[in-house]
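Asks: CSV, C-alpha atoms, saved as final_34.csv, coming up:
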chain,number,residue,atom,x,y,z
Q,1,MET,CA,82.3,120.9,124.5
Q,2,GLN,CA,85.8,120.5,125.9
Q,3,LYS,CA,87.4,117.8,123.8
Q,4,GLN,CA,90.9,117.6,125.4
Q,5,MET,CA,91.0,115.1,128.3
Q,6,LYS,CA,93.2,112.6,130.0
Q,7,ALA,CA,93.6,109.1,128.6
Q,8,GLU,CA,92.0,107.4,131.6
Q,9,GLU,CA,88.9,109.6,131.3
Q,10,ALA,CA,88.6,109.1,127.6
Q,11,VAL,CA,88.7,105.3,127.7
Q,12,GLN,CA,85.7,105.2,130.1
Q,13,LYS,CA,83.6,105.6,127.0
Q,14,ILE,CA,84.5,102.0,126.1
Q,15,GLN,CA,82.1,99.4,127.5
Q,16,SER,CA,82.3,95.6,127.7
Q,17,GLY,CA,81.0,94.1,124.5
Q,18,ASP,CA,81.8,97.1,122.4
Q,19,THR,CA,83.1,97.1,118.8
Q,20,LEU,CA,86.4,99.0,118.8
Q,21,MET,CA,88.4,100.3,115.8
Q,22,VAL,CA,92.1,100.9,116.4
Q,23,GLY,CA,94.4,102.5,114.0
Q,24,GLY,CA,97.9,101.4,113.2
Q,25,PHE,CA,99.9,99.0,111.1
Q,26,GLY,CA,101.9,96.9,113.5
Q,27,LEU,CA,102.7,99.6,116.1
Q,28,VAL,CA,103.2,102.4,113.5
Q,29,GLY,CA,100.3,104.9,113.8
Q,30,ALA,CA,98.8,103.0,116.7
Q,31,PRO,CA,97.4,105.0,119.7
Q,32,LEU,CA,99.8,103.4,122.2
Q,33,THR,CA,98.8,105.7,125.1
Q,34,LEU,CA,95.1,104.9,124.7
Q,35,ILE,CA,95.8,101.1,124.3
Q,36,ASP,CA,98.0,101.3,127.5
Q,37,GLU,CA,95.2,102.9,129.4
Q,38,LEU,CA,92.7,100.3,128.1
Q,39,THR,CA,94.8,97.6,129.7
Q,40,ARG,CA,93.8,99.1,133.0
Q,41,HIS,CA,90.2,99.6,132.1
Q,42,ASP,CA,87.7,96.8,133.0
Q,43,ALA,CA,86.0,96.6,129.6
Q,44,GLY,CA,86.2,93.1,128.1
Q,45,GLY,CA,84.5,90.9,125.5
Q,46,LEU,CA,85.6,93.4,122.8
Q,47,THR,CA,85.4,93.1,119.1
Q,48,VAL,CA,88.5,94.8,117.7
Q,49,ILE,CA,88.7,96.0,114.1
Q,50,SER,CA,92.4,96.7,113.4
Q,51,ASN,CA,94.9,95.7,110.7
Q,52,ASN,CA,96.5,93.4,113.3
Q,53,LEU,CA,96.6,92.8,117.0
Q,54,GLY,CA,99.9,94.6,117.7
Q,55,GLU,CA,102.9,92.4,118.5
Q,56,PRO,CA,103.5,89.8,121.3
Q,57,GLY,CA,103.1,91.8,124.6
Q,58,ARG,CA,103.0,95.1,122.8
Q,59,GLY,CA,100.2,97.4,121.7
Q,60,LEU,CA,96.9,95.4,121.2
Q,61,GLY,CA,99.0,92.3,122.0
Q,62,ILE,CA,98.7,93.2,125.7
Q,63,LEU,CA,94.9,93.3,125.5
Q,64,LEU,CA,95.0,89.9,123.8
Q,65,ARG,CA,97.0,88.4,126.6
Q,66,GLN,CA,94.6,89.9,129.1
Q,67,GLY,CA,91.7,88.0,127.4
Q,68,LYS,CA,89.9,91.3,126.7
Q,69,VAL,CA,89.5,90.7,123.0
Q,70,LYS,CA,86.7,88.3,122.1
Q,71,ARG,CA,86.8,88.8,118.3
Q,72,ALA,CA,89.3,90.3,115.9
Q,73,ILE,CA,88.6,91.6,112.4
Q,74,GLY,CA,91.7,92.4,110.4
Q,75,SER,CA,94.1,91.4,107.6
Q,76,TYR,CA,97.6,90.9,109.0
Q,77,PHE,CA,97.6,88.9,112.2
Q,78,THR,CA,101.0,87.3,111.6
Q,79,SER,CA,102.7,90.3,113.2
Q,80,ASN,CA,101.6,88.7,116.4
Q,81,ARG,CA,101.9,84.9,116.3
Q,82,GLU,CA,100.0,84.7,119.6
Q,83,VAL,CA,96.8,85.5,117.7
Q,84,GLY,CA,97.0,82.1,116.0
Q,85,ASP,CA,97.6,80.4,119.4
Q,86,PHE,CA,94.5,82.0,121.0
Q,87,TYR,CA,92.4,81.2,117.9
Q,88,HIS,CA,93.4,77.5,118.0
Q,89,GLN,CA,92.8,77.4,121.7
Q,90,GLY,CA,89.2,78.7,121.1
Q,91,LYS,CA,89.9,81.9,123.0
Q,92,LEU,CA,89.6,84.2,120.1
Q,93,GLU,CA,87.2,84.5,117.1
Q,94,ILE,CA,88.8,85.8,113.9
Q,95,GLN,CA,87.4,87.4,110.7
Q,96,LEU,CA,90.2,87.7,108.1
Q,97,LEU,CA,89.8,90.3,105.4
Q,98,PRO,CA,92.1,91.3,102.5
Q,99,GLN,CA,93.7,94.6,103.4
Q,100,GLY,CA,92.1,96.6,100.7
Q,101,THR,CA,88.7,95.1,101.5
Q,102,MET,CA,89.1,96.0,105.1
Q,103,SER,CA,89.9,99.6,104.2
Q,104,GLU,CA,87.0,99.9,101.8
Q,105,SER,CA,84.6,98.3,104.3
Q,106,ILE,CA,85.6,100.9,106.9
Q,107,ARG,CA,85.3,103.6,104.4
Q,108,ALA,CA,81.8,102.3,103.4
Q,109,GLY,CA,80.8,102.4,107.1
Q,110,GLY,CA,81.8,106.0,107.4
Q,111,ALA,CA,80.2,107.0,104.1
Q,112,GLY,CA,76.8,105.3,104.9
Q,113,ILE,CA,77.2,102.7,102.1
Q,114,GLY,CA,75.2,99.6,102.7
Q,115,GLY,CA,77.6,97.2,100.9
Q,116,TYR,CA,79.7,96.9,97.8
Q,117,TYR,CA,80.9,94.2,95.4
Q,118,THR,CA,84.5,93.3,94.9
Q,119,LYS,CA,86.4,90.7,92.9
Q,120,THR,CA,88.9,90.3,95.7
Q,121,SER,CA,88.5,86.9,97.4
Q,122,ALA,CA,86.1,85.6,94.8
Q,123,GLY,CA,86.6,81.8,94.5
Q,124,THR,CA,88.6,81.6,97.7
Q,125,GLU,CA,87.9,80.4,101.3
Q,126,LEU,CA,87.4,84.1,102.3
Q,127,ALA,CA,84.3,84.2,100.1
Q,128,LYS,CA,82.5,81.3,101.9
Q,129,GLY,CA,79.2,82.3,103.3
Q,130,LYS,CA,79.1,85.6,101.4
Q,131,GLU,CA,76.8,86.5,98.5
Q,132,VAL,CA,78.6,86.1,95.2
Q,133,ARG,CA,77.3,87.7,92.0
Q,134,GLU,CA,78.3,87.6,88.4
Q,135,ILE,CA,78.8,91.0,86.8
Q,136,ASN,CA,79.9,91.3,83.2
Q,137,GLY,CA,81.0,87.7,83.2
Q,138,GLU,CA,83.1,88.0,86.4
Q,139,LEU,CA,82.4,86.9,90.0
Q,140,TYR,CA,82.1,89.6,92.7
Q,141,VAL,CA,81.8,89.1,96.4
Q,142,LEU,CA,79.4,91.3,98.5
Q,143,GLU,CA,81.2,92.9,101.4
Q,144,LEU,CA,79.3,94.7,104.1
Q,145,PRO,CA,80.4,98.0,105.8
Q,146,LEU,CA,82.3,98.0,109.1
Q,147,LYS,CA,81.4,100.4,111.9
Q,148,ALA,CA,82.3,100.7,115.6
Q,149,ASN,CA,81.0,102.0,118.8
Q,150,VAL,CA,84.4,103.7,119.5
Q,151,ALA,CA,87.5,104.4,117.4
Q,152,LEU,CA,91.0,105.0,118.8
Q,153,VAL,CA,93.1,106.9,116.3
Q,154,LYS,CA,96.6,108.3,116.3
Q,155,ALA,CA,97.6,111.7,114.8
Q,156,ALA,CA,100.9,113.6,114.7
Q,157,LYS,CA,99.2,116.9,115.6
Q,158,ALA,CA,95.7,117.9,116.8
Q,159,ASP,CA,94.4,121.3,117.6
Q,160,THR,CA,92.1,122.0,120.5
Q,161,LEU,CA,89.0,121.7,118.2
Q,162,GLY,CA,90.0,118.2,117.1
Q,163,ASN,CA,91.4,118.8,113.6
Q,164,LEU,CA,94.0,116.1,112.9
Q,165,VAL,CA,97.3,116.0,111.0
Q,166,TYR,CA,99.1,112.7,110.3
Q,167,TYR,CA,102.7,111.8,109.8
Q,168,LYS,CA,103.5,110.0,106.5
Q,169,THR,CA,102.5,106.3,106.5
Q,170,ALA,CA,101.5,106.5,110.2
Q,171,ARG,CA,98.3,107.9,108.7
Q,172,ASN,CA,97.3,104.3,107.5
Q,173,PHE,CA,93.8,103.4,108.6
Q,174,ASN,CA,93.3,106.2,111.1
Q,175,PRO,CA,91.3,108.7,108.9
Q,176,LEU,CA,89.0,106.0,107.7
Q,177,MET,CA,88.3,104.8,111.2
Q,178,ALA,CA,87.7,108.4,112.4
Q,179,ALA,CA,84.7,108.5,110.1
Q,180,ALA,CA,83.2,105.1,110.9
Q,181,ALA,CA,82.6,105.1,114.7
Q,182,ASP,CA,80.0,106.6,117.0
Q,183,PHE,CA,82.6,108.0,119.3
Q,184,VAL,CA,86.2,108.9,118.2
Q,185,ILE,CA,89.1,109.4,120.6
Q,186,ALA,CA,92.2,110.9,118.9
Q,187,GLU,CA,95.6,110.5,120.5
Q,188,ALA,CA,98.1,113.1,119.3
Q,189,ASP,CA,101.8,113.6,119.8
Q,190,GLU,CA,101.3,117.4,119.9
Q,191,ILE,CA,98.2,119.5,120.6
Q,192,VAL,CA,98.2,123.1,119.4
Q,193,GLU,CA,95.7,126.0,119.7
Q,194,ALA,CA,92.9,126.3,117.1
Q,195,GLY,CA,94.0,128.2,114.1
Q,196,GLU,CA,97.7,127.0,114.3
Q,197,LEU,CA,97.2,124.2,111.8
Q,198,SER,CA,97.1,125.0,108.1
Q,199,PRO,CA,93.7,124.0,106.6
Q,200,GLU,CA,95.7,122.4,103.7
Q,201,GLU,CA,97.4,119.9,106.1
Q,202,ILE,CA,94.3,118.8,108.0
Q,203,VAL,CA,93.2,115.3,107.0
Q,204,THR,CA,90.5,114.6,109.6
Q,205,PRO,CA,88.2,117.6,110.3
Q,206,HIS,CA,87.2,118.2,113.9
Q,207,LEU,CA,83.6,117.3,113.4
Q,208,PHE,CA,84.6,113.6,113.4
Q,209,VAL,CA,86.5,113.8,116.7
Q,210,ASP,CA,84.9,113.6,120.1
Q,211,ALA,CA,87.9,113.6,122.4
Q,212,ILE,CA,91.6,114.4,122.2
Q,213,VAL,CA,94.4,112.9,124.3
Q,214,GLU,CA,98.1,113.8,124.3
Q,215,SER,CA,100.5,110.9,123.8
Q,216,ARG,CA,102.7,109.9,126.7
Q,217,LEU,CA,104.0,106.7,124.9
Q,218,ILE,CA,105.6,106.9,121.5
Q,219,LEU,CA,107.2,104.4,119.1
Q,220,SER,CA,110.9,105.0,118.5
Q,221,LYS,CA,113.9,102.9,117.3
Q,222,GLU,CA,114.2,101.6,120.8
Q,223,GLY,CA,110.6,100.4,120.8
Q,224,VAL,CA,107.7,101.8,122.8
Q,225,VAL,CA,109.1,104.5,125.2
Q,226,SER,CA,107.7,107.3,127.3
Q,227,LYS,CA,107.4,110.6,125.5
Show this structure as structure tokens.
Replies:
Amino acid sequence: MQKQMKAEEAVQKIQSGDTLMVGGFGLVGAPLTLIDELTRHDAGGLTVISNNLGEPGRGLGILLRQGKVKRAIGSYFTSNREVGDFYHQGKLEIQLLPQGTMSESIRAGGAGIGGYYTKTSAGTELAKGKEVREINGELYVLELPLKANVALVKAAKADTLGNLVYYKTARNFNPLMAAAADFVIAEADEIVEAGELSPEEIVTPHLFVDAIVESRLILSKEGVVSK
């Protein structure tokens, strides 16, 4: 199977109503080229699992303004204050998760774990409606795994097979999401031939990756710019 393709071709896999995982913390480690292409795709009513919804008018913030995001599951929405506006206007559903809980729920989704108990959020508003169990005299909250139809992840390098290498903290949620979706599209700043990456530096093996797209937009000190 030829994995390398153009961004506009890859995002056709995303359908209206899909659950979408998107890597990144703010705009760092976010697949900006794929998000940009998604702004021109007609898919809507999306559930987006991401740490945050970009920034106002940047990254996933553009999809929010377009009204394509129906529900957001994340932990740090204050990087885009428009999320709160859309929520209070009834235009967006939100599920707020502690950051570590979100990470573990994604990991559980990729590992085939049916759920897990955590002390985080016990006794708070975030535990409302969830099963709470006492274990060894302490309260634990049952959290369910997170999975997606499609994941959009960002790597520093990919080879033509789909093996991925990340750059420092830009790794963030990307490897977890690559294991927790039915179809994974990896955007990479550089694509090299198979065999050029050291096995020791590969974080996401190619068996998790279905499509590879080369970045045309990158994050720099000047903001989001063309590569």
Asks: Show me, as a list in words, the residues that have an atom within 9 Å of Val184 of chain Q when counting only C-alpha atoms, minus same-chain residues fewer than 3 positions from it.
Replies: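 Once the adjacent positions are removed, what remains is Asn149, Val150, Ala151, Leu152, Val153, Met177, Ala178, Ala179, Ala180, Ala181, Phe208, Val209, Asp210, Ala211 and Ile212 of chain Q.
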Asks: Skipping near chain neighbours, those fewer than 4 positions away, what residues fall within 12 Å of segment 1-11 of chain Q using all atoms listed in the file, listed as a PyMOL selection string?
Replies: chain Q and resi 15-16+18+20+31-43+150-152+158-163+183-188+190-193+206-217
Asks: Could you dump the residues just selected with C-alpha atoms as an mmCIF file, in the coordinates of the input?
Replies:
data_model
loop_
_atom_site.group_PDB
_atom_site.id
_atom_site.type_symbol
_atom_site.label_atom_id
_atom_site.label_comp_id
_atom_site.auth_asym_id
_atom_site.auth_seq_id
_atom_site.Cartn_x
_atom_site.Cartn_y
_atom_site.Cartn_z
ATOM 1 C CA GLN Q 15 82.100 99.400 127.500
ATOM 2 C CA SER Q 16 82.300 95.600 127.700
ATOM 3 C CA ASP Q 18 81.800 97.100 122.400
ATOM 4 C CA LEU Q 20 86.400 99.000 118.800
ATOM 5 C CA PRO Q 31 97.400 105.000 119.700
ATOM 6 C CA LEU Q 32 99.800 103.400 122.200
ATOM 7 C CA THR Q 33 98.800 105.700 125.100
ATOM 8 C CA LEU Q 34 95.100 104.900 124.700
ATOM 9 C CA ILE Q 35 95.800 101.100 124.300
ATOM 10 C CA ASP Q 36 98.000 101.300 127.500
ATOM 11 C CA GLU Q 37 95.200 102.900 129.400
ATOM 12 C CA LEU Q 38 92.700 100.300 128.100
ATOM 13 C CA THR Q 39 94.800 97.600 129.700
ATOM 14 C CA ARG Q 40 93.800 99.100 133.000
ATOM 15 C CA HIS Q 41 90.200 99.600 132.100
ATOM 16 C CA ASP Q 42 87.700 96.800 133.000
ATOM 17 C CA ALA Q 43 86.000 96.600 129.600
ATOM 18 C CA VAL Q 150 84.400 103.700 119.500
ATOM 19 C CA ALA Q 151 87.500 104.400 117.400
ATOM 20 C CA LEU Q 152 91.000 105.000 118.800
ATOM 21 C CA ALA Q 158 95.700 117.900 116.800
ATOM 22 C CA ASP Q 159 94.400 121.300 117.600
ATOM 23 C CA THR Q 160 92.100 122.000 120.500
ATOM 24 C CA LEU Q 161 89.000 121.700 118.200
ATOM 25 C CA GLY Q 162 90.000 118.200 117.100
ATOM 26 C CA ASN Q 163 91.400 118.800 113.600
ATOM 27 C CA PHE Q 183 82.600 108.000 119.300
ATOM 28 C CA VAL Q 184 86.200 108.900 118.200
ATOM 29 C CA ILE Q 185 89.100 109.400 120.600
ATOM 30 C CA ALA Q 186 92.200 110.900 118.900
ATOM 31 C CA GLU Q 187 95.600 110.500 120.500
ATOM 32 C CA ALA Q 188 98.100 113.100 119.300
ATOM 33 C CA GLU Q 190 101.300 117.400 119.900
ATOM 34 C CA ILE Q 191 98.200 119.500 120.600
ATOM 35 C CA VAL Q 192 98.200 123.100 119.400
ATOM 36 C CA GLU Q 193 95.700 126.000 119.700
ATOM 37 C CA HIS Q 206 87.200 118.200 113.900
ATOM 38 C CA LEU Q 207 83.600 117.300 113.400
ATOM 39 C CA PHE Q 208 84.600 113.600 113.400
ATOM 40 C CA VAL Q 209 86.500 113.800 116.700
ATOM 41 C CA ASP Q 210 84.900 113.600 120.100
ATOM 42 C CA ALA Q 211 87.900 113.600 122.400
ATOM 43 C CA ILE Q 212 91.600 114.400 122.200
ATOM 44 C CA VAL Q 213 94.400 112.900 124.300
ATOM 45 C CA GLU Q 214 98.100 113.800 124.300
ATOM 46 C CA SER Q 215 100.500 110.900 123.800
ATOM 47 C CA ARG Q 216 102.700 109.900 126.700
ATOM 48 C CA LEU Q 217 104.000 106.700 124.900
#
Asks: To one decimal in Å, tell me the separation between atom CA of Glu134 of chain Q and atom CA of Met102 of chain Q.
Replies: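 Atom CA of Met102 of chain Q lies at a distance of 21.6 Å from atom CA of Glu134 of chain Q.
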Asks: Nearest residue to Leu146 of chain Q out of Q:Gly123, Q:Gly115, Q:Gly26, Q:Gly195, using only C-alpha atoms?
Replies: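 Of all the options, Q:Gly115 lies closest to Leu146 of chain Q.
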Asks: Quote the spacing between atom CA of Thr169 of chain Q and atom CA of Tyr76 of chain Q in Å to one decimal place.
Replies: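 Atom CA of Tyr76 of chain Q lies 16.4 Å from atom CA of Thr169 of chain Q.
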